Every structure is written in structure tokens, then in C-alpha cells.
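final-v2.tsv (TSV, C-alpha atoms and all ligand atoms) appears below.
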chain	number	residue	atom	x	y	z
X	1	MET	CA	-26.22	0.61	37.09
X	2	THR	CA	-29.70	0.31	35.68
X	3	THR	CA	-32.15	-1.42	37.99
X	4	ILE	CA	-34.69	-4.00	36.85
X	5	PRO	CA	-37.64	-1.56	37.20
X	6	GLU	CA	-35.71	0.96	35.08
X	7	LYS	CA	-35.04	-1.68	32.43
X	8	ILE	CA	-38.73	-2.58	32.34
X	9	ALA	CA	-39.62	1.11	31.95
X	10	ALA	CA	-37.15	1.39	29.06
X	11	LEU	CA	-38.64	-1.68	27.36
X	12	ARG	CA	-42.13	-0.24	27.77
X	13	SER	CA	-41.08	3.02	26.22
X	14	ASP	CA	-39.48	1.13	23.30
X	15	ILE	CA	-42.76	-0.72	22.81
X	16	GLN	CA	-44.54	2.63	22.52
X	17	LYS	CA	-41.88	3.92	20.17
X	18	TYR	CA	-41.45	0.98	17.79
X	19	SER	CA	-44.64	-1.09	17.79
X	20	PRO	CA	-47.53	-0.28	15.42
X	21	HIS	CA	-49.88	-1.70	18.10
X	22	PRO	CA	-48.25	-1.14	21.52
X	23	GLY	CA	-51.39	-2.13	23.42
X	24	ARG	CA	-51.11	-5.68	22.09
X	25	VAL	CA	-47.49	-6.25	23.11
X	26	ARG	CA	-46.41	-8.15	26.17
X	27	ILE	CA	-42.94	-8.57	27.58
X	28	VAL	CA	-42.10	-12.19	28.33
X	29	ALA	CA	-39.32	-11.96	30.91
X	30	VAL	CA	-37.05	-14.93	30.18
X	31	SER	CA	-36.07	-16.07	33.65
X	32	LYS	CA	-34.05	-19.20	32.75
X	33	LYS	CA	-30.85	-19.43	34.78
X	34	GLN	CA	-31.71	-16.31	36.75
X	35	PRO	CA	-31.95	-16.08	40.55
X	36	LEU	CA	-35.34	-15.93	42.23
X	37	ASP	CA	-34.73	-12.51	43.78
X	38	LYS	CA	-34.24	-10.93	40.34
X	39	ILE	CA	-37.37	-12.60	38.99
X	40	GLN	CA	-39.27	-11.39	42.03
X	41	ALA	CA	-37.98	-7.86	41.44
X	42	ALA	CA	-39.32	-7.99	37.87
X	43	VAL	CA	-42.69	-9.30	39.03
X	44	ASP	CA	-42.86	-6.62	41.73
X	45	ALA	CA	-42.19	-4.04	39.01
X	46	GLY	CA	-45.20	-5.25	37.03
X	47	ILE	CA	-43.96	-8.10	34.84
X	48	LEU	CA	-46.93	-10.38	34.14
X	49	ASP	CA	-45.29	-13.01	31.92
X	50	ILE	CA	-42.23	-15.17	32.51
X	51	GLY	CA	-40.50	-17.61	30.14
X	52	GLU	CA	-38.52	-20.75	30.93
X	53	ASN	CA	-36.86	-23.23	28.58
X	54	ARG	CA	-36.21	-26.31	30.74
X	55	ILE	CA	-39.05	-28.13	32.48
X	56	GLN	CA	-37.11	-29.38	35.48
X	57	ASP	CA	-35.38	-26.05	36.16
X	58	ALA	CA	-38.73	-24.29	35.92
X	59	LEU	CA	-40.48	-26.73	38.25
X	60	ASP	CA	-37.70	-26.35	40.83
X	61	LYS	CA	-38.17	-22.60	40.66
X	62	PHE	CA	-41.98	-22.68	40.85
X	63	ALA	CA	-41.80	-25.05	43.84
X	64	GLN	CA	-39.87	-22.40	45.73
X	65	ARG	CA	-41.74	-19.41	44.33
X	66	PRO	CA	-44.93	-20.02	42.34
X	67	PHE	CA	-45.37	-16.35	41.33
X	68	PRO	CA	-49.17	-16.38	41.60
X	69	GLY	CA	-50.93	-14.37	38.93
X	70	VAL	CA	-47.93	-14.49	36.59
X	71	THR	CA	-48.47	-16.17	33.22
X	72	ARG	CA	-45.93	-18.92	32.50
X	73	HIS	CA	-44.51	-19.43	29.03
X	74	PHE	CA	-42.52	-22.49	27.98
X	75	ILE	CA	-40.14	-21.35	25.25
X	76	GLY	CA	-37.72	-24.29	24.94
X	77	GLN	CA	-37.81	-27.48	22.94
X	78	LEU	CA	-40.28	-29.86	24.54
X	79	GLN	CA	-39.62	-33.60	24.54
X	80	THR	CA	-42.83	-35.59	24.33
X	81	ASN	CA	-42.01	-37.41	27.58
X	82	LYS	CA	-42.10	-34.04	29.39
X	83	ALA	CA	-45.19	-32.77	27.60
X	84	ILE	CA	-47.68	-33.52	30.37
X	85	LYS	CA	-45.53	-31.78	32.99
X	86	CYS	CA	-45.40	-28.77	30.71
X	87	LEU	CA	-49.18	-28.73	30.21
X	88	GLN	CA	-49.76	-28.98	33.94
X	89	ASN	CA	-47.45	-26.12	34.83
X	90	PHE	CA	-47.46	-23.63	31.97
X	91	ASP	CA	-50.04	-21.38	30.31
X	92	TRP	CA	-48.31	-20.99	26.94
X	93	LEU	CA	-46.12	-23.21	24.78
X	94	HIS	CA	-44.08	-21.31	22.17
X	95	SER	CA	-42.46	-24.28	20.43
X	96	LEU	CA	-45.15	-26.52	18.96
X	97	GLN	CA	-43.72	-28.08	15.82
X	98	THR	CA	-44.67	-31.75	15.67
X	99	GLU	CA	-47.98	-33.49	15.05
X	100	LYS	CA	-47.09	-35.96	17.79
X	101	LEU	CA	-46.90	-33.20	20.41
X	102	ALA	CA	-50.06	-31.57	19.02
X	103	ARG	CA	-51.87	-34.88	19.45
X	104	ILE	CA	-50.71	-35.25	23.07
X	105	ILE	CA	-51.86	-31.71	23.87
X	106	ALA	CA	-55.19	-32.17	22.13
X	107	ASP	CA	-55.85	-35.41	24.01
X	108	SER	CA	-54.93	-33.98	27.41
X	109	ASP	CA	-57.36	-32.42	29.89
X	110	ASN	CA	-55.02	-29.50	30.47
X	111	ARG	CA	-55.46	-26.47	28.27
X	112	ILE	CA	-52.40	-24.59	27.04
X	113	HIS	CA	-52.19	-21.79	24.49
X	114	CYS	CA	-49.81	-22.83	21.73
X	115	LEU	CA	-47.63	-21.01	19.26
X	116	ILE	CA	-46.22	-22.87	16.29
X	117	GLU	CA	-42.47	-22.42	16.02
X	118	VAL	CA	-41.21	-21.65	12.53
X	119	ASN	CA	-37.58	-21.60	11.44
X	120	ILE	CA	-37.30	-18.08	10.07
X	121	SER	CA	-33.52	-17.86	10.44
X	122	GLY	CA	-32.77	-18.97	6.90
X	123	GLU	CA	-30.36	-21.49	8.43
X	124	THR	CA	-30.85	-25.22	8.32
X	125	ASN	CA	-30.69	-27.35	11.50
X	126	LYS	CA	-32.39	-24.65	13.56
X	127	SER	CA	-35.53	-25.53	15.48
X	128	GLY	CA	-38.98	-24.88	14.09
X	129	LEU	CA	-40.98	-25.92	11.07
X	130	GLU	CA	-39.64	-24.85	7.73
X	131	PRO	CA	-41.78	-21.96	6.41
X	132	GLU	CA	-43.00	-24.07	3.45
X	133	ALA	CA	-44.30	-26.71	5.87
X	134	LEU	CA	-46.43	-24.36	7.96
X	135	ARG	CA	-49.59	-24.39	5.89
X	136	SER	CA	-49.94	-28.14	5.75
X	137	PHE	CA	-49.12	-28.40	9.47
X	138	VAL	CA	-51.93	-25.95	10.26
X	139	GLN	CA	-54.27	-27.88	7.96
X	140	THR	CA	-53.50	-31.06	9.87
X	141	VAL	CA	-53.67	-29.80	13.44
X	142	ARG	CA	-56.80	-27.71	12.92
X	143	GLU	CA	-58.62	-31.03	12.91
X	144	TYR	CA	-57.39	-31.78	16.45
X	145	ARG	CA	-60.17	-30.70	18.80
X	146	GLY	CA	-58.79	-29.55	22.12
X	147	LEU	CA	-55.82	-27.66	20.75
X	148	ASP	CA	-55.68	-23.91	21.24
X	149	ILE	CA	-53.30	-22.37	18.73
X	150	ARG	CA	-52.82	-18.62	19.02
X	151	GLY	CA	-49.96	-17.71	16.72
X	152	LEU	CA	-46.39	-18.21	15.63
X	153	MET	CA	-42.97	-18.01	17.23
X	154	GLY	CA	-39.63	-17.51	15.53
X	155	MET	CA	-36.00	-16.64	16.13
X	156	ALA	CA	-33.92	-14.61	13.73
X	157	ALA	CA	-30.41	-15.68	12.82
X	158	PHE	CA	-27.67	-14.58	15.19
X	159	THR	CA	-26.15	-11.92	12.95
X	160	ALA	CA	-25.44	-8.20	12.93
X	161	ASP	CA	-27.20	-7.89	9.56
X	162	GLU	CA	-30.29	-5.84	10.42
X	163	THR	CA	-31.79	-6.28	6.97
X	164	ALA	CA	-31.70	-10.05	7.32
X	165	ILE	CA	-33.15	-9.96	10.84
X	166	ARG	CA	-35.97	-7.67	9.77
X	167	ALA	CA	-36.72	-9.91	6.78
X	168	SER	CA	-37.02	-12.92	9.13
X	169	PHE	CA	-39.54	-11.12	11.33
X	170	ALA	CA	-41.49	-9.85	8.33
X	171	LEU	CA	-41.59	-13.44	7.05
X	172	LEU	CA	-43.18	-14.66	10.31
X	173	ARG	CA	-45.84	-11.94	10.09
X	174	GLU	CA	-46.54	-12.77	6.44
X	175	LEU	CA	-46.74	-16.49	7.15
X	176	ALA	CA	-49.38	-15.89	9.82
X	177	ALA	CA	-51.34	-13.71	7.42
X	178	SER	CA	-51.07	-16.29	4.65
X	179	CYS	CA	-52.74	-18.92	6.84
X	180	ARG	CA	-55.60	-16.70	8.04
X	181	ASP	CA	-58.03	-18.51	5.76
X	182	LEU	CA	-57.38	-21.67	7.80
X	183	GLU	CA	-58.36	-20.09	11.11
X	184	THR	CA	-61.04	-21.76	13.21
X	185	GLU	CA	-62.32	-21.14	16.72
X	186	HIS	CA	-59.35	-23.00	18.20
X	187	VAL	CA	-56.73	-22.04	15.63
X	188	ARG	CA	-56.01	-18.34	15.46
X	189	LEU	CA	-52.75	-16.85	14.33
X	190	ARG	CA	-52.86	-13.41	15.92
X	191	GLU	CA	-49.85	-13.66	18.22
X	192	LEU	CA	-46.29	-13.23	16.97
X	193	SER	CA	-43.63	-14.18	19.52
X	194	MET	CA	-40.46	-12.71	18.09
X	195	GLY	CA	-37.56	-10.55	19.24
X	196	MET	CA	-35.02	-11.08	22.02
X	197	THR	CA	-32.60	-8.75	23.80
X	198	ASN	CA	-30.51	-8.01	20.72
X	199	ASP	CA	-33.22	-7.63	18.10
X	200	TYR	CA	-36.51	-6.77	19.81
X	201	THR	CA	-36.84	-3.24	18.39
X	202	LEU	CA	-36.82	-4.69	14.86
X	203	ALA	CA	-39.33	-7.36	15.92
X	204	LEU	CA	-41.59	-4.67	17.39
X	205	GLU	CA	-41.48	-2.68	14.17
X	206	GLU	CA	-42.44	-5.84	12.26
X	207	GLY	CA	-45.46	-6.48	14.46
X	208	ALA	CA	-44.36	-8.64	17.41
X	209	THR	CA	-46.99	-9.16	20.09
X	210	MET	CA	-44.62	-10.93	22.50
X	211	ILE	CA	-40.96	-10.05	22.94
X	212	ARG	CA	-38.87	-12.56	24.90
X	213	ILE	CA	-36.28	-10.68	26.92
X	214	GLY	CA	-33.71	-12.39	29.16
X	215	THR	CA	-30.29	-10.81	29.58
X	216	GLY	CA	-31.59	-7.37	28.63
X	217	LEU	CA	-33.73	-7.43	31.74
X	218	PHE	CA	-31.89	-9.61	34.23
X	219	GLY	CA	-28.26	-9.38	33.13
X	220	PRO	CA	-26.01	-12.36	32.28
X	221	ARG	CA	-27.28	-15.87	33.04
X	222	SER	CA	-25.48	-18.20	35.45
X	223	ASN	CA	-23.35	-21.01	33.94
X	224	GLU	CA	-23.06	-19.40	30.55
L	1	LIG	C1	-32.99	-17.55	26.16
L	1	LIG	C2	-34.06	-17.26	25.19
L	1	LIG	C3	-34.51	-15.94	25.00
L	1	LIG	C4	-33.93	-14.72	25.69
L	1	LIG	O1	-32.70	-14.41	25.14
L	1	LIG	P1	-31.95	-13.03	25.54
L	1	LIG	O2	-30.98	-12.84	24.45
L	1	LIG	O3	-31.30	-13.28	26.86
L	1	LIG	O4	-32.97	-11.96	25.60
L	1	LIG	C5	-35.56	-15.75	24.12
L	1	LIG	N1	-36.13	-16.79	23.45
L	1	LIG	C6	-35.72	-18.05	23.63
L	1	LIG	C7	-36.40	-19.13	22.86
L	1	LIG	C8	-34.67	-18.34	24.48
L	1	LIG	O5	-34.27	-19.61	24.63
Could I get this file's structure written as C-alpha cells?
Ligand SMILES: *Cc1c(COP(=O)(O)O)cnc(C)c1O
Amino acid sequence: MTTIPEKIAALRSDIQKYSPHPGRVRIVAVSKKQPLDKIQAAVDAGILDIGENRIQDALDKFAQRPFPGVTRHFIGQLQTNKAIKCLQNFDWLHSLQTEKLARIIADSDNRIHCLIEVNISGETNKSGLEPEALRSFVQTVREYRGLDIRGLMGMAAFTADETAIRASFALLRELAASCRDLETEHVRLRELSMGMTNDYTLALEEGATMIRIGTGLFGPRSNE
């Protein structure tokens, strides 16, 4: 059986192997529905970033084990009524996609680094802005002082078709590049959060700066 430190070492060597800029890549260990002892083992083995997708589950976890020094990423859909809790307890939000939420964040005293989620799956009814809507969204929210936008997040379709997955990741990279002219001090699109357990090597090749790895690091989640 591969241990968590061994899995982290394997991920790090894949980053070296597949990424054009390995020094810019971080592993976000997706700890949702994983026991605290496994998360602790990952942190002890050098993991610096953890990702959660439900506010209440995350707060229950952090109350028991705050993992000091570890950067917290919120990667799930965020309801506006939970936005403040998220801002108070997380360092990064990967799923910004509404002006309403952008406004709440901009008006809050808490600072959080945001990624705009884009639907790169080619499927309708998936979360994220449609690619065609990104530019006007950026044009709108760049006027909101107090926001700190750092990049884009996307999920490829759940398919075995590597060509399609790669095209989705390339699209996210190209979308970020196509909005570079809109960058300001508080809107920069340098981070690309893309790639999960099943497709992270493709995401790395296409320029990911954050890969979000859950089962590939911790094993199967509880209740799934
Ligand atoms: C659960 C989740 C992941 C991790 O998925 P794995 O396949 O377990 O690596 C990554 N990103 C998001 C947004 C998730 O919800």
C-alpha cells in the first residue's frame, strides 16, 4: 500500500515531469470527507494547501484541528448566505462566478484571493461562467475595489477522452491570456486551478498552477 508521504512524493515528481513551470505549481489536497488523521499525515509530509467544498464540514474540522500555517482553499459552490463565513475562514475561493458574490466580497473587511470559475467542460448545467461570459464579468468586477482576483478555475468533463480533457484545460489557459489586457492591481489572472486525481497530468502539461487532488492522495471519501 502506498502511504500518504509516498503519494505526495509521486505527485511532486509528476509536477517536475509534466509542468512547464514546476516551481509555480501547488498541490491543493482536497480533504473533504476525509478523516483528520489522514489530513494531518499530509500536512506532516509537507502539504501546505488544503481544499474543502462545504462550509459547515470545513468549520467542524478546523474547530478540532486548525492546521496552523496551512492555506485553506474553498473549492465548492458558495451560497451568498455563507459567504461571510467563507471569507472569515478561508484564504482562497476557487468558485467566484456571480456579481452578487463579488460585491459581498468587495464590501467585506476580510481579504480572500479569488479565482473565477469557468465552465470549460463543454457541457451545459455545469457550474462556472460560460467561457463567452468571462470577459464581460472581468470588466464588471474589476471596478469593485477590495476584490483580489488571481486567476481562473475549471473542471474538465468526466470522460475518458484525453483530447477533450486537454482541450478544456487549454481553453482555460487561453481565456486567462485573452483577458490579460483587463488586468489591474487587484485583478490578475496568473493562477490556473485545474486538474484532479484523474486528469492532473494533462492539466499540468497545459499550465496548471494549482492541482486539486482528493482521492489520489487520501483514498476513497466517506459516504460516497
Ligand atoms: C472533490 C473535488 C476535487 C478532488 O477530486 P478527486 O477526484 O478526489 O481528486 C477537486 N476539485 C473539486 C472542485 C472537487 O469538488
* Contacts to ligand LIG 1 (chain L) at 7 Å cut-off (only C-alpha atoms and all ligand atoms) as a ChimeraX atom specification -> /X:30,32,53,75-76,196-198,212-216
* Contacts of region 96-100 of chain X at 7 Å or less, counting all atoms listed in the file, minus same-chain residues fewer than 3 places along, as a PyMOL selection string? -> chain X and resi 93+103-104+114-117+128-129+141
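When CA of Glu123 (chain X) is paired with CA of Trp92 (chain X), their separation reads 25.8 Å.
The residue that comes closest to His186 (chain X), out of X:Asp199, X:Asp109, X:Asp148, X:Glu205 and on the basis of all atoms listed in the file, is X:Asp148.
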* Selection as an NGL selection string: residues within 12 Å of (-38.6, -29.3, 39.2), counting only C-alpha atoms -> :X and (52 or 54-66 or 82 or 85-86 or 89)
* To do: Please measure the separation of CA of Arg72 (chain X) and CA of Leu192 (chain X), giving the value in Å to one decimal.
  =>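 Answer for the CA of Arg72 (chain X) to CA of Leu192 (chain X) separation: 16.5 Å.
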* Asked: Hey, which of X:Gln79, X:Ile120, X:Ser13, X:Leu48 ends up closest to Glu132 (chain X)? Count all atoms listed in the file.
  ->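 Of X:Gln79, X:Ile120, X:Ser13, X:Leu48, the one nearest Glu132 (chain X) is X:Ile120, counting all atoms listed in the file.
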* Residue nearest Ser95 (chain X) - candidates X:Val28, X:Met153, X:Leu171, X:Ala42, atoms counted: all atoms listed in the file ->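 Selected residue with least distance to Ser95 (chain X): X:Met153.
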* Asked: Quick one: residues within 7 Å of Met210 (chain X), all atoms listed in the file counted, chain neighbours fewer than 4 positions away excluded, as a ChimeraX atom specification?
  -> /X:25-28,192-194
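The neighbours of Arg166 (chain X) here are the residues that come within 10 Å of it, using all atoms listed in the file and leaving out any residue fewer than 6 positions away in the same chain; they are Ala156, Asp199, Thr201, Leu202, Ala203, Leu204, Glu205 and Glu206 of chain X.
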* Asked: Which one is closest to Ile47 (chain X): X:Arg142, X:Arg12, X:Arg24, X:Lys17? Count all atoms listed in the file.
  ->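 Comparing X:Arg142, X:Arg12, X:Arg24, X:Lys17 against Ile47 (chain X), the winner is X:Arg12.
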* Considering all atoms listed in the file, state which residue in the set X:Leu189, X:Ala208, X:Met155, X:Leu182 is at the smallest distance from Asn119 (chain X). =>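 That would be X:Met155, the residue with the smallest distance to Asn119 (chain X).
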* Asked: In Å to one decimal, how far is CA of Thr209 (chain X) from CA of Gln40 (chain X)?
  ->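 For CA of Gln40 (chain X) relative to CA of Thr209 (chain X), the distance reads 23.4 Å.
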* Would you list the contacts of region 4-8 of chain X as a list in words, taking every protein, DNA or RNA residue within 10 Å and counting only C-alpha atoms, but skipping same-chain residues closer than 6 positions in sequence? =>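 Listing them by chain and then by number gives Asp14, Ile27, Ala29, Lys38, Ile39, Ala41, Ala42, Val43, Asp44, Ala45, Gly46, Ile47, Gly216, Leu217, Phe218 and Gly219 of chain X.
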Write region 38-49 of chain X as an mmCIF file, keeping the file's coordinate frame, completed to all heavy atoms.
data_model
loop_
_atom_site.group_PDB
_atom_site.id
_atom_site.type_symbol
_atom_site.label_atom_id
_atom_site.label_comp_id
_atom_site.auth_asym_id
_atom_site.auth_seq_id
_atom_site.Cartn_x
_atom_site.Cartn_y
_atom_site.Cartn_z
ATOM 1 N N LYS X 38 -34.114 -11.814 41.518
ATOM 2 C CA LYS X 38 -34.240 -10.930 40.340
ATOM 3 C C LYS X 38 -35.608 -11.105 39.676
ATOM 4 O O LYS X 38 -36.234 -10.132 39.230
ATOM 5 C CB LYS X 38 -33.152 -11.240 39.317
ATOM 6 C CG LYS X 38 -31.788 -10.701 39.693
ATOM 7 C CD LYS X 38 -30.858 -10.819 38.491
ATOM 8 C CE LYS X 38 -29.478 -10.263 38.817
ATOM 9 N NZ LYS X 38 -28.557 -10.462 37.677
ATOM 10 N N ILE X 39 -36.057 -12.358 39.603
ATOM 11 C CA ILE X 39 -37.370 -12.600 38.990
ATOM 12 C C ILE X 39 -38.452 -11.916 39.821
ATOM 13 O O ILE X 39 -39.350 -11.263 39.289
ATOM 14 C CB ILE X 39 -37.648 -14.122 38.866
ATOM 15 C CG1 ILE X 39 -36.476 -14.822 38.167
ATOM 16 C CG2 ILE X 39 -38.946 -14.365 38.102
ATOM 17 C CD1 ILE X 39 -36.526 -16.341 38.253
ATOM 18 N N GLN X 40 -38.312 -12.045 41.138
ATOM 19 C CA GLN X 40 -39.270 -11.390 42.030
ATOM 20 C C GLN X 40 -39.268 -9.875 41.824
ATOM 21 O O GLN X 40 -40.329 -9.234 41.796
ATOM 22 C CB GLN X 40 -38.942 -11.719 43.499
ATOM 23 C CG GLN X 40 -39.997 -11.248 44.482
ATOM 24 C CD GLN X 40 -41.320 -11.996 44.330
ATOM 25 O OE1 GLN X 40 -41.349 -13.231 44.411
ATOM 26 N NE2 GLN X 40 -42.401 -11.275 44.081
ATOM 27 N N ALA X 41 -38.082 -9.312 41.649
ATOM 28 C CA ALA X 41 -37.980 -7.860 41.440
ATOM 29 C C ALA X 41 -38.734 -7.453 40.170
ATOM 30 O O ALA X 41 -39.407 -6.414 40.128
ATOM 31 C CB ALA X 41 -36.520 -7.430 41.362
ATOM 32 N N ALA X 42 -38.620 -8.290 39.123
ATOM 33 C CA ALA X 42 -39.320 -7.990 37.870
ATOM 34 C C ALA X 42 -40.836 -8.093 38.064
ATOM 35 O O ALA X 42 -41.590 -7.239 37.579
ATOM 36 C CB ALA X 42 -38.850 -8.938 36.771
ATOM 37 N N VAL X 43 -41.256 -9.118 38.779
ATOM 38 C CA VAL X 43 -42.690 -9.300 39.030
ATOM 39 C C VAL X 43 -43.219 -8.127 39.878
ATOM 40 O O VAL X 43 -44.279 -7.562 39.597
ATOM 41 C CB VAL X 43 -42.950 -10.671 39.715
ATOM 42 C CG1 VAL X 43 -44.378 -10.780 40.223
ATOM 43 C CG2 VAL X 43 -42.633 -11.807 38.738
ATOM 44 N N ASP X 44 -42.448 -7.752 40.888
ATOM 45 C CA ASP X 44 -42.860 -6.620 41.730
ATOM 46 C C ASP X 44 -42.960 -5.334 40.917
ATOM 47 O O ASP X 44 -43.743 -4.437 41.250
ATOM 48 C CB ASP X 44 -41.869 -6.421 42.890
ATOM 49 C CG ASP X 44 -41.924 -7.560 43.898
ATOM 50 O OD1 ASP X 44 -42.903 -8.333 43.873
ATOM 51 O OD2 ASP X 44 -40.976 -7.686 44.707
ATOM 52 N N ALA X 45 -42.164 -5.241 39.845
ATOM 53 C CA ALA X 45 -42.190 -4.040 39.010
ATOM 54 C C ALA X 45 -43.227 -4.151 37.894
ATOM 55 O O ALA X 45 -43.250 -3.326 36.979
ATOM 56 C CB ALA X 45 -40.796 -3.784 38.424
ATOM 57 N N GLY X 46 -44.063 -5.196 37.950
ATOM 58 C CA GLY X 46 -45.200 -5.250 37.030
ATOM 59 C C GLY X 46 -45.105 -6.260 35.910
ATOM 60 O O GLY X 46 -46.000 -6.310 35.062
ATOM 61 N N ILE X 47 -44.042 -7.064 35.883
ATOM 62 C CA ILE X 47 -43.960 -8.100 34.840
ATOM 63 C C ILE X 47 -45.052 -9.146 35.079
ATOM 64 O O ILE X 47 -45.223 -9.638 36.195
ATOM 65 C CB ILE X 47 -42.549 -8.754 34.844
ATOM 66 C CG1 ILE X 47 -41.536 -7.827 34.139
ATOM 67 C CG2 ILE X 47 -42.558 -10.140 34.194
ATOM 68 C CD1 ILE X 47 -41.738 -7.644 32.651
ATOM 69 N N LEU X 48 -45.800 -9.463 34.018
ATOM 70 C CA LEU X 48 -46.930 -10.380 34.140
ATOM 71 C C LEU X 48 -46.694 -11.718 33.448
ATOM 72 O O LEU X 48 -47.519 -12.626 33.543
ATOM 73 C CB LEU X 48 -48.181 -9.729 33.518
ATOM 74 C CG LEU X 48 -48.665 -8.447 34.196
ATOM 75 C CD1 LEU X 48 -49.736 -7.774 33.351
ATOM 76 C CD2 LEU X 48 -49.203 -8.754 35.586
ATOM 77 N N ASP X 49 -45.575 -11.813 32.711
ATOM 78 C CA ASP X 49 -45.290 -13.010 31.920
ATOM 79 C C ASP X 49 -43.839 -13.412 32.116
ATOM 80 O O ASP X 49 -42.940 -12.575 31.949
ATOM 81 C CB ASP X 49 -45.517 -12.721 30.427
ATOM 82 C CG ASP X 49 -46.969 -12.395 30.112
ATOM 83 O OD1 ASP X 49 -47.343 -11.202 30.238
ATOM 84 O OD2 ASP X 49 -47.718 -13.320 29.765
#
